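Participant: To start, I am sharing the structure in question, which I have written as C-alpha cells.
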Amino acid sequence: MNRLIVLLMVSLIAFPSAFGADEKPTPARESLQPFQLLIGKWNAAGIPEGTPDERQKGHWSETLDWNWQFKGQDAWIAVAFEKGKFFKKGELRPLPTKNTFQLKVTTTDDKTLTFEGVYKDKYLSVERVDDKTKETQKLLFALLHGNRITYSYEVKPAEKTFYTRVYRVGATKDGEPFASIGASEKECVVSGGVGTSTVTYKGKTFYVCCTGCRDAFYDTPEKYIAEFEAKRAAKNK
C-alpha cells in the first residue's frame with residue numbers, strides 16, 4: 001500500500017497535466033483585447049433616473065481617458081475620469097476564469113470599490129456587494145461600436161430580486177480616426193489596436209494607440225517590434 005502511494009505521488013509530480021493541474025494562464029494583454037476599442041479619450045454625458053425635471057437638473061458632463069498600462073509581463077487598462085461625478089479613476093484587469101474581469105474604481109470621495117463580472121456580446125457586467133447595506137451594485141458597460149459606448153449604475157437591495165437603474169452615461173470618441181491609412185497599416189505595435197500616434201525606432205515608424213503603449217514601446221522597443229513583425233508574417237502566410 002505504501003509503495004502504491006509513493007508511485008501515485010511520483011506520477012502527480014511527473015505528469016501534473018494529467019491530473020487537472022492549471023493550464024498556462026492567458027497573458028493579460030491578450031485577455032483584455034475585447035476592450036481595445038475603449039483606448040483613447042471619450043466625451044460623456046450622464047443622466048440620473050427620475051422625473052423629467054430631476055433628469056434635467058441632474059445631468060452632467062465628464063471625460064473618460066482609457067490607456068494601456070504595463071509592468072513586466074503584467075498588463076491592465078486604466079481609466080481617468082475628468083470632472084467625473086462619481087469616479088476619479090479605475091483599473092480593468094482580467095481574472096483567471098475566461099472572460100471574467102475585475103474593475104477597481106476610486107470614487108470622488110477617495111473610496112476604492114472593487115467590481116467583478118463577465119464580458120459577453122460586447123457587454124461587461126461587473127458587481128459588488130456593499131459590506132454595510134448588503135446592497136448589490138452593478139456597473140454595466142456596453143461597447144456598442146468604435147465611437148459609441150455607454151455605462152450605467154444599477155442597485156439591488158438585499159431583499160429584492162430586480163435591479164434599479166440609478167444613472168446612465170453615454171460617451172462618444174473624441175477626435176476622428178485617420179482617414180487615409182488602411183486599418184492594417186495603423187495597427188498599434190504594442191496592443192494590436194488602432195494606432196492614433198506614431199513612435200520611431202532606428203529609423204522605422206510604428207503606430208501606438210495610447211500613452212501607455214507609447215511608454216511600453218520605448219521601454220523595450222525590440223521586444224514589441226519582434227512580436228509585431230512575427231504576427232504580420234503569420235498573417236501573410
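Ordered as shown in the C-alpha cells, chains take letters A, B, and onward, while each chain numbers its residues from 1 and ligands are numbered from 1 in the order shown.
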Write out as an MDAnalysis selection string the set of residues from stretch 123-215 of chain A that DSSP, computed on the backbone, places in helix (DSSP H, G or I).
Facilitator: chainID A and resid 183:186 211:215
Participant: Got time to write the residues from that selection, C-alpha atoms, as a PDB file, in the first residue's frame?
Facilitator:
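Generated file (result-v5.pdb):
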```pdb
ATOM      1  CA  ALA A 183      -6.504  49.704 -40.745  1.00  0.00           C
ATOM      2  CA  SER A 184      -3.721  47.137 -41.188  1.00  0.00           C
ATOM      3  CA  GLU A 185      -1.189  49.952 -41.660  1.00  0.00           C
ATOM      4  CA  LYS A 186      -2.127  51.801 -38.477  1.00  0.00           C
ATOM      5  CA  THR A 211       0.412  56.851 -23.988  1.00  0.00           C
ATOM      6  CA  GLY A 212       0.634  53.546 -22.106  1.00  0.00           C
ATOM      7  CA  CYS A 213       1.585  51.696 -25.288  1.00  0.00           C
ATOM      8  CA  ARG A 214       3.964  54.502 -26.255  1.00  0.00           C
ATOM      9  CA  ASP A 215       5.820  54.231 -22.946  1.00  0.00           C
TER      10      ASP A 215
END
```
Participant: Quick one: contact table of stretch 51-151 of chain A to stretch 24-33 of chain A, 9 Å max, nearest atom pair and distance in Å to one decimal per residue, counting only C-alpha atoms, chain and number order, as a Markdown table?
Facilitator:
```
| residue | atom | partner | partner_atom | distance |
| --- | --- | --- | --- | --- |
| A:Trp68 | CA | A:Arg29 | CA | 9.0 |
| A:Phe70 | CA | A:Arg29 | CA | 8.9 |
| A:Gln73 | CA | A:Pro27 | CA | 7.8 |
| A:Asp74 | CA | A:Ala28 | CA | 6.3 |
| A:Ala75 | CA | A:Ala28 | CA | 5.5 |
| A:Trp76 | CA | A:Ala28 | CA | 6.9 |
| A:Ile77 | CA | A:Leu32 | CA | 7.9 |
| A:Leu92 | CA | A:Leu32 | CA | 8.4 |
| A:Arg93 | CA | A:Leu32 | CA | 7.4 |
| A:Pro94 | CA | A:Ala28 | CA | 6.3 |
| A:Leu95 | CA | A:Ala28 | CA | 8.8 |
| A:Pro96 | CA | A:Pro25 | CA | 7.1 |
| A:Lys98 | CA | A:Ser31 | CA | 8.0 |
| A:Asn99 | CA | A:Ser31 | CA | 7.5 |
| A:Phe101 | CA | A:Leu32 | CA | 8.8 |
```
Participant: Using N, CA and C atoms, can you write the selected residues to a file as a CSV table (one decimal), in the first residue's frame?
Facilitator:
```csv
chain,number,residue,atom,x,y,z
A,68,TRP,N,-3.6,51.8,-22.0
A,68,TRP,CA,-2.9,50.6,-21.6
A,68,TRP,C,-1.8,50.9,-20.5
A,70,PHE,N,1.5,48.8,-18.5
A,70,PHE,CA,2.4,47.6,-18.5
A,70,PHE,C,3.4,47.7,-17.3
A,73,GLN,N,5.6,41.5,-17.3
A,73,GLN,CA,4.6,40.7,-18.1
A,73,GLN,C,3.2,41.1,-17.8
A,74,ASP,N,2.9,41.9,-16.8
A,74,ASP,CA,1.6,42.3,-16.4
A,74,ASP,C,1.1,43.4,-17.3
A,75,ALA,N,-0.2,43.4,-17.5
A,75,ALA,CA,-0.9,44.4,-18.3
A,75,ALA,C,-2.3,44.7,-17.8
A,76,TRP,N,-2.7,45.9,-17.9
A,76,TRP,CA,-4.1,46.3,-17.5
A,76,TRP,C,-4.5,47.5,-18.2
A,77,ILE,N,-5.7,47.9,-18.1
A,77,ILE,CA,-6.2,49.1,-18.8
A,77,ILE,C,-6.7,50.1,-17.7
A,92,LEU,N,-8.9,48.1,-15.0
A,92,LEU,CA,-9.6,46.9,-15.5
A,92,LEU,C,-8.5,45.8,-15.7
A,93,ARG,N,-8.7,44.7,-15.1
A,93,ARG,CA,-7.8,43.6,-15.1
A,93,ARG,C,-8.6,42.3,-15.4
A,94,PRO,N,-7.9,41.3,-16.1
A,94,PRO,CA,-8.6,40.0,-16.2
A,94,PRO,C,-8.4,39.2,-15.0
A,95,LEU,N,-9.4,38.3,-14.8
A,95,LEU,CA,-9.3,37.3,-13.7
A,95,LEU,C,-9.0,35.9,-14.3
A,96,PRO,N,-8.6,34.9,-13.5
A,96,PRO,CA,-8.2,33.6,-14.0
A,96,PRO,C,-9.2,32.9,-14.9
A,98,LYS,N,-11.9,32.5,-17.7
A,98,LYS,CA,-12.0,33.1,-19.0
A,98,LYS,C,-13.2,34.1,-19.1
A,99,ASN,N,-13.0,35.2,-19.7
A,99,ASN,CA,-14.0,36.3,-19.9
A,99,ASN,C,-14.5,36.9,-18.6
A,101,PHE,N,-13.6,39.6,-15.4
A,101,PHE,CA,-12.7,40.7,-15.2
A,101,PHE,C,-13.0,41.4,-13.9
```
Participant: So that I can see what lies close to A:Glu49, please list as a PDB file with C-alpha atoms, in the first residue's frame the residues with an atom at most 8 Å from it, counting only C-alpha atoms and leaving out residues fewer than 6 positions away in the same chain.
Facilitator:
```pdb
ATOM      1  CA  ARG A  55     -33.133  64.328 -15.096  1.00  0.00           C
ATOM      2  CA  ARG A 165     -31.005  51.897 -12.565  1.00  0.00           C
ATOM      3  CA  VAL A 166     -29.580  54.947 -10.789  1.00  0.00           C
ATOM      4  CA  TYR A 167     -27.958  56.685 -13.747  1.00  0.00           C
ATOM      5  CA  ARG A 168     -26.701  56.148 -17.275  1.00  0.00           C
TER       6      ARG A 168
END
```
Participant: Please provide as a VMD selection string all residues within 10 Å of A:Asp110, with the sequence filter that same-chain residues fewer than 6 positions apart are discarded (counting only C-alpha atoms).
Facilitator: chain A and resid 87 to 89
Participant: Residues near A:Tyr201, anyone? I mean within 12 Å using only C-alpha atoms, not counting same-chain ones fewer than 3 positions away, as a ChimeraX atom specification.
Facilitator: /A:189,198,204-207,214,217-225
Participant: Selected residues, C-alpha atoms, written as a PDB file, in the first residue's frame, please.
Facilitator:
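For reference, out.pdb as written:
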```pdb
ATOM      1  CA  VAL A 189       2.675  47.838 -32.415  1.00  0.00           C
ATOM      2  CA  THR A 198       3.489  57.282 -34.049  1.00  0.00           C
ATOM      3  CA  LYS A 204      11.352  52.902 -38.595  1.00  0.00           C
ATOM      4  CA  THR A 205       7.973  54.348 -37.659  1.00  0.00           C
ATOM      5  CA  PHE A 206       5.185  52.442 -35.933  1.00  0.00           C
ATOM      6  CA  TYR A 207       1.753  53.289 -34.600  1.00  0.00           C
ATOM      7  CA  ARG A 214       3.964  54.502 -26.255  1.00  0.00           C
ATOM      8  CA  PHE A 217       7.322  50.580 -26.642  1.00  0.00           C
ATOM      9  CA  TYR A 218      10.149  52.929 -25.686  1.00  0.00           C
ATOM     10  CA  ASP A 219      10.995  50.741 -22.659  1.00  0.00           C
ATOM     11  CA  THR A 220      11.548  47.601 -24.779  1.00  0.00           C
ATOM     12  CA  PRO A 221      11.153  48.515 -28.481  1.00  0.00           C
ATOM     13  CA  GLU A 222      12.899  45.456 -29.896  1.00  0.00           C
ATOM     14  CA  LYS A 223      10.587  43.105 -27.977  1.00  0.00           C
ATOM     15  CA  TYR A 224       7.405  44.697 -29.342  1.00  0.00           C
ATOM     16  CA  ILE A 225       8.774  45.100 -32.862  1.00  0.00           C
TER      17      ILE A 225
END
```
Participant: What separation in Å, quoted to one decimal, exists between atom CA of A:Thr161 and atom CA of A:Thr106?
Facilitator: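 A separation of 27.5 Å between them.
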Participant: Between A:Phe81, A:Tyr123, A:Tyr163, A:Phe115, which is the closest to A:Ile149 once you count only C-alpha atoms?
Facilitator: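 Looking at the shortest contact to A:Ile149, the residue is A:Tyr123.
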Participant: Name the residues of stretch 62-182 of chain A that come out as strand (DSSP E) in a backbone DSSP run; write them as a PyMOL selection string.
Facilitator: chain A and resi 62-71+74-82+87-94+100-107+112-120+123-129+136-145+148-156+164-173
Participant: Export, as a JSON list (two decimals), in the first residue's frame, the selected residues with C-alpha atoms.
Facilitator:
```json
[["chain", "number", "residue", "atom", "x", "y", "z"],
["A", 62, "GLU", "CA", -17.34, 64.14, -17.94],
["A", 63, "THR", "CA", -14.38, 62.83, -19.92],
["A", 64, "LEU", "CA", -13.04, 59.27, -19.81],
["A", 65, "ASP", "CA", -9.45, 58.62, -20.86],
["A", 66, "TRP", "CA", -8.54, 54.92, -21.25],
["A", 67, "ASN", "CA", -4.90, 53.80, -21.60],
["A", 68, "TRP", "CA", -2.93, 50.59, -21.56],
["A", 69, "GLN", "CA", -0.53, 50.10, -18.64],
["A", 70, "PHE", "CA", 2.36, 47.62, -18.47],
["A", 71, "LYS", "CA", 4.67, 46.34, -15.76],
["A", 74, "ASP", "CA", 1.58, 42.25, -16.43],
["A", 75, "ALA", "CA", -0.88, 44.45, -18.32],
["A", 76, "TRP", "CA", -4.08, 46.27, -17.47],
["A", 77, "ILE", "CA", -6.23, 49.12, -18.78],
["A", 78, "ALA", "CA", -6.50, 52.30, -16.73],
["A", 79, "VAL", "CA", -9.22, 54.93, -16.99],
["A", 80, "ALA", "CA", -9.16, 58.50, -15.71],
["A", 81, "PHE", "CA", -12.41, 60.43, -15.18],
["A", 82, "GLU", "CA", -12.04, 64.15, -15.76],
["A", 87, "PHE", "CA", -15.43, 58.30, -10.09],
["A", 88, "LYS", "CA", -11.88, 59.63, -10.34],
["A", 89, "LYS", "CA", -10.04, 56.67, -11.85],
["A", 90, "GLY", "CA", -10.15, 52.93, -12.37],
["A", 91, "GLU", "CA", -8.23, 49.81, -13.43],
["A", 92, "LEU", "CA", -9.57, 46.94, -15.52],
["A", 93, "ARG", "CA", -7.81, 43.58, -15.14],
["A", 94, "PRO", "CA", -8.55, 40.00, -16.23],
["A", 100, "THR", "CA", -14.17, 37.39, -16.27],
["A", 101, "PHE", "CA", -12.72, 40.72, -15.17],
["A", 102, "GLN", "CA", -12.13, 42.98, -12.21],
["A", 103, "LEU", "CA", -12.80, 46.71, -12.31],
["A", 104, "LYS", "CA", -11.38, 48.62, -9.35],
["A", 105, "VAL", "CA", -12.52, 52.24, -9.18],
["A", 106, "THR", "CA", -11.72, 55.19, -6.94],
["A", 107, "THR", "CA", -14.71, 57.36, -6.12],
["A", 112, "THR", "CA", -11.90, 52.15, -3.50],
["A", 113, "LEU", "CA", -14.63, 49.87, -4.85],
["A", 114, "THR", "CA", -13.94, 46.51, -6.48],
["A", 115, "PHE", "CA", -16.39, 45.10, -9.03],
["A", 116, "GLU", "CA", -16.11, 41.70, -10.71],
["A", 117, "GLY", "CA", -18.04, 40.10, -13.53],
["A", 118, "VAL", "CA", -18.28, 38.77, -17.07],
["A", 119, "TYR", "CA", -17.78, 40.16, -20.55],
["A", 120, "LYS", "CA", -20.14, 38.75, -23.19],
["A", 123, "TYR", "CA", -21.30, 43.91, -22.60],
["A", 124, "LEU", "CA", -19.19, 43.99, -19.44],
["A", 125, "SER", "CA", -21.33, 43.46, -16.33],
["A", 126, "VAL", "CA", -19.47, 43.78, -13.01],
["A", 127, "GLU", "CA", -20.91, 43.72, -9.50],
["A", 128, "ARG", "CA", -20.04, 44.18, -5.83],
["A", 129, "VAL", "CA", -21.93, 43.76, -2.55],
["A", 136, "THR", "CA", -25.66, 44.62, -4.76],
["A", 137, "GLN", "CA", -24.23, 47.32, -7.00],
["A", 138, "LYS", "CA", -23.69, 46.84, -10.73],
["A", 139, "LEU", "CA", -21.78, 48.70, -13.44],
["A", 140, "LEU", "CA", -22.84, 47.71, -16.95],
["A", 141, "PHE", "CA", -20.67, 48.80, -19.89],
["A", 142, "ALA", "CA", -21.97, 48.49, -23.44],
["A", 143, "LEU", "CA", -19.25, 48.62, -26.11],
["A", 144, "LEU", "CA", -21.61, 49.50, -28.92],
["A", 145, "HIS", "CA", -19.05, 50.30, -31.63],
["A", 148, "ARG", "CA", -20.04, 54.94, -29.03],
["A", 149, "ILE", "CA", -20.13, 53.38, -25.54],
["A", 150, "THR", "CA", -22.43, 53.62, -22.54],
["A", 151, "TYR", "CA", -22.23, 52.65, -18.91],
["A", 152, "SER", "CA", -24.91, 52.52, -16.24],
["A", 153, "TYR", "CA", -25.04, 52.07, -12.49],
["A", 154, "GLU", "CA", -27.74, 49.83, -11.00],
["A", 155, "VAL", "CA", -28.54, 48.67, -7.47],
["A", 156, "LYS", "CA", -30.46, 45.78, -5.92],
["A", 164, "THR", "CA", -33.00, 49.56, -10.35],
["A", 165, "ARG", "CA", -31.00, 51.90, -12.56],
["A", 166, "VAL", "CA", -29.58, 54.95, -10.79],
["A", 167, "TYR", "CA", -27.96, 56.69, -13.75],
["A", 168, "ARG", "CA", -26.70, 56.15, -17.28],
["A", 169, "VAL", "CA", -23.74, 57.70, -19.11],
["A", 170, "GLY", "CA", -23.30, 57.84, -22.89],
["A", 171, "ALA", "CA", -19.95, 58.64, -24.48],
["A", 172, "THR", "CA", -18.55, 59.31, -27.94],
["A", 173, "LYS", "CA", -14.93, 59.04, -29.05]]
```
Participant: Any idea what the distance is between atom CA of A:Gly50 and atom CA of A:Leu38?
Facilitator: 28.8 Å
Participant: Using only C-alpha atoms, pick whichever of A:Lys57, A:Lys134, A:Lys83, A:Lys41 has the shortest atom-to-atom distance to A:Cys210.
Facilitator: A:Lys41
